[in-house]
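J.: Hey, dropping final-v5.tsv in here, TSV, C-alpha atoms:
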chain	number	residue	atom	x	y	z
A	1	MET	CA	111.14	98.60	133.78
A	2	CYS	CA	110.62	101.09	136.63
A	3	LEU	CA	111.65	104.68	136.09
A	4	GLY	CA	112.08	107.45	138.58
A	5	GLU	CA	109.62	110.31	138.79
A	6	VAL	CA	110.47	113.99	138.51
A	7	VAL	CA	108.85	115.92	141.37
A	8	ARG	CA	108.97	119.46	142.74
A	9	LEU	CA	109.40	119.82	146.49
A	10	ASP	CA	106.66	121.68	148.36
A	11	ALA	CA	108.12	121.35	151.86
A	12	VAL	CA	111.27	119.97	153.49
A	13	SER	CA	111.50	118.84	157.10
A	14	GLY	CA	114.73	117.14	158.16
A	15	ALA	CA	115.23	113.97	156.13
A	16	SER	CA	111.77	113.98	154.59
A	17	ALA	CA	109.88	116.13	152.14
A	18	ARG	CA	106.47	116.63	150.59
A	19	ALA	CA	106.36	116.92	146.81
A	20	ARG	CA	103.94	117.22	143.92
A	21	LEU	CA	103.65	114.52	141.30
A	22	GLY	CA	101.10	115.92	138.88
A	23	ASP	CA	97.98	116.45	140.99
A	24	GLN	CA	99.17	114.11	143.76
A	25	VAL	CA	101.08	114.99	146.91
A	26	VAL	CA	103.74	112.41	147.77
A	27	ALA	CA	106.09	111.82	150.70
A	28	VAL	CA	109.78	111.63	149.81
A	29	SER	CA	112.67	110.37	151.92
A	30	LEU	CA	115.83	112.45	151.58
A	31	VAL	CA	118.11	110.00	153.44
A	32	THR	CA	119.68	108.80	150.17
A	33	LEU	CA	120.45	112.30	148.89
A	34	ASP	CA	123.85	113.89	149.60
A	35	GLU	CA	122.78	117.32	148.32
A	36	HIS	CA	120.93	120.06	150.20
A	37	VAL	CA	117.45	120.65	148.82
A	38	ALA	CA	114.81	123.26	149.51
A	39	PRO	CA	111.14	123.78	148.66
A	40	GLY	CA	110.83	124.55	144.95
A	41	ASP	CA	113.72	122.26	143.96
A	42	TRP	CA	113.18	119.50	141.42
A	43	ILE	CA	114.35	116.00	142.30
A	44	LEU	CA	114.35	112.54	140.79
A	45	VAL	CA	112.50	110.07	143.05
A	46	HIS	CA	112.28	106.30	142.87
A	47	SER	CA	110.19	104.21	145.29
A	48	GLY	CA	109.80	107.19	147.59
A	49	PHE	CA	113.55	107.94	147.84
A	50	ALA	CA	115.22	111.04	146.41
A	51	LEU	CA	118.02	110.08	144.05
A	52	HIS	CA	119.24	113.35	142.54
A	53	ARG	CA	118.50	117.09	142.58
A	54	LEU	CA	117.76	118.39	139.09
A	55	GLU	CA	118.42	121.80	137.62
A	56	PRO	CA	115.23	123.39	136.24
A	57	ASP	CA	116.35	122.84	132.62
A	58	GLU	CA	117.00	119.14	133.39
A	59	ALA	CA	113.50	118.88	134.90
A	60	VAL	CA	111.95	120.49	131.80
A	61	GLU	CA	113.77	118.04	129.53
A	62	ALA	CA	112.86	114.99	131.65
A	63	LEU	CA	109.20	116.05	131.90
A	64	ALA	CA	109.04	116.71	128.16
A	65	LEU	CA	110.34	113.20	127.44
A	66	ARG	CA	107.80	111.73	129.87
A	67	SER	CA	105.03	113.79	128.25
A	68	TRP	CA	105.99	112.49	124.82
A	69	ARG	CA	105.80	108.93	126.08
A	70	HIS	CA	102.84	109.19	128.49
A	71	GLY	CA	100.66	111.89	126.96
A	72	PRO	CA	99.52	115.28	128.19
A	73	SER	CA	99.04	114.36	131.87
A	74	VAL	CA	102.40	115.96	132.79
A	75	GLN	CA	102.04	119.14	130.73
A	76	GLY	CA	101.29	121.25	133.81
A	77	SER	CA	104.50	120.02	135.43
A	78	ILE	CA	106.51	121.11	132.40
A	79	SER	CA	105.21	124.67	132.62
A	80	ASP	CA	105.87	124.61	136.39
A	81	ALA	CA	109.47	123.55	135.73
A	82	SER	CA	110.10	126.28	133.21
A	83	SER	CA	108.75	129.05	135.45
A	84	PRO	CA	110.91	130.57	138.17
A	85	SER	CA	110.54	129.01	141.60
A	86	SER	CA	109.31	131.08	144.51
A	87	HIS	CA	111.18	128.81	147.01
A	88	PRO	CA	108.74	128.83	149.93
A	89	GLN	CA	110.24	128.76	153.41
A	90	GLU	CA	111.68	125.49	154.68
A	91	GLU	CA	109.70	123.86	157.50
A	92	SER	CA	111.44	123.33	160.85
Let me see whether you can do it: turn the structure in this file into structure tokens.

T.:
Amino acid sequence: MCLGEVVRLDAVSGASARARLGDQVVAVSLVTLDEHVAPGDWILVHSGFALHRLEPDEAVEALALRSWRHGPSVQGSISDASSPSSHPQEES
């Protein structure tokens, strides 16, 4: 079974974004998302497409569940989710 990934957006440019997935930087398409997102927001991504914007507490919960199942490799993401976002400027 394939599950979506919880990622934090680093940059948004039109209908695409750059996000962090652990230590990796990934490209995300926003064409399937009806909500406005900004750098610092947490989203659920599947196959490179954004599915849903998550509130920080939802991201913490989802990352904690993933950590329990997949080990400590996502621990840094959990602490990132629980800390306030600085919301860097959106790219043009």

J.: Can you pull out every residue within 8 Å of A:Asp10, counting all atoms listed in the file, but drop anything in the same chain fewer than 5 positions away, and send it as a PyMOL selection string?

T.: chain A and resi 17-20+39-40+88

J.: To test the calculation: enclose all listed atoms of stretch 47-63 of chain A in a box whose edges run along x, y and z, add 3 Å on each side, then state centre and edge lengths in Å to one decimal, as AutoDock Vina command-line options.

T.:
--center_x 114.2 --center_y 113.8 --center_z 138.7 --size_x 16.0 --size_y 25.2 --size_z 24.3

J.: Residues near A:Leu21, anyone? I mean within 8 Å using all atoms listed in the file, not counting same-chain ones fewer than 5 positions away, as number ranges by chain.

T.: A: 5-8, 26

J.: Smallest atom-to-atom distance to A:Arg53: which of A:Thr32, A:Ser67, A:Ser13, A:Gln24, using only C-alpha atoms?

T.: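 Smallest distance to A:Arg53 is found for A:Thr32.
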
J.: Rounded to one decimal place, report the atom CA of A:Ser47-atom CA of A:Asp34 distance in Å.

T.: 17.3 Å

J.: Neighbouring residues of A:His36 were defined as those with any atom within 12 Å, considering all atoms listed in the file; residues of the same chain fewer than 3 positions away were excluded. Please report them as a CSV table (one decimal) with C-alpha atoms, keeping the file's coordinate frame.

T.:
chain,number,residue,atom,x,y,z
A,12,VAL,CA,111.3,120.0,153.5
A,13,SER,CA,111.5,118.8,157.1
A,14,GLY,CA,114.7,117.1,158.2
A,15,ALA,CA,115.2,114.0,156.1
A,16,SER,CA,111.8,114.0,154.6
A,17,ALA,CA,109.9,116.1,152.1
A,30,LEU,CA,115.8,112.4,151.6
A,31,VAL,CA,118.1,110.0,153.4
A,32,THR,CA,119.7,108.8,150.2
A,33,LEU,CA,120.4,112.3,148.9
A,39,PRO,CA,111.1,123.8,148.7
A,41,ASP,CA,113.7,122.3,144.0
A,42,TRP,CA,113.2,119.5,141.4
A,43,ILE,CA,114.4,116.0,142.3
A,50,ALA,CA,115.2,111.0,146.4
A,52,HIS,CA,119.2,113.4,142.5
A,53,ARG,CA,118.5,117.1,142.6
A,54,LEU,CA,117.8,118.4,139.1
A,90,GLU,CA,111.7,125.5,154.7

J.: Between A:Val37, A:Gly22, A:Val28, A:Gly48, single out the one closest to A:Arg66, counting only C-alpha atoms.

T.: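 That would be A:Gly22, the residue with the smallest distance to A:Arg66.
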
J.: Which residue is closest to A:Val45? Choose from A:Ala11, A:Glu58, A:Leu63, A:Ser29 and count all atoms listed in the file.

T.: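 Closest to A:Val45 of all the choices is A:Ser29.
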
J.: Just to confirm, what's the straight-line distance from atom CA of A:Ala64 to atom CA of A:Phe49 in Å (one decimal)?

T.: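 Computing the Euclidean distance for atom CA of A:Ala64 and atom CA of A:Phe49 yields 22.0 Å.
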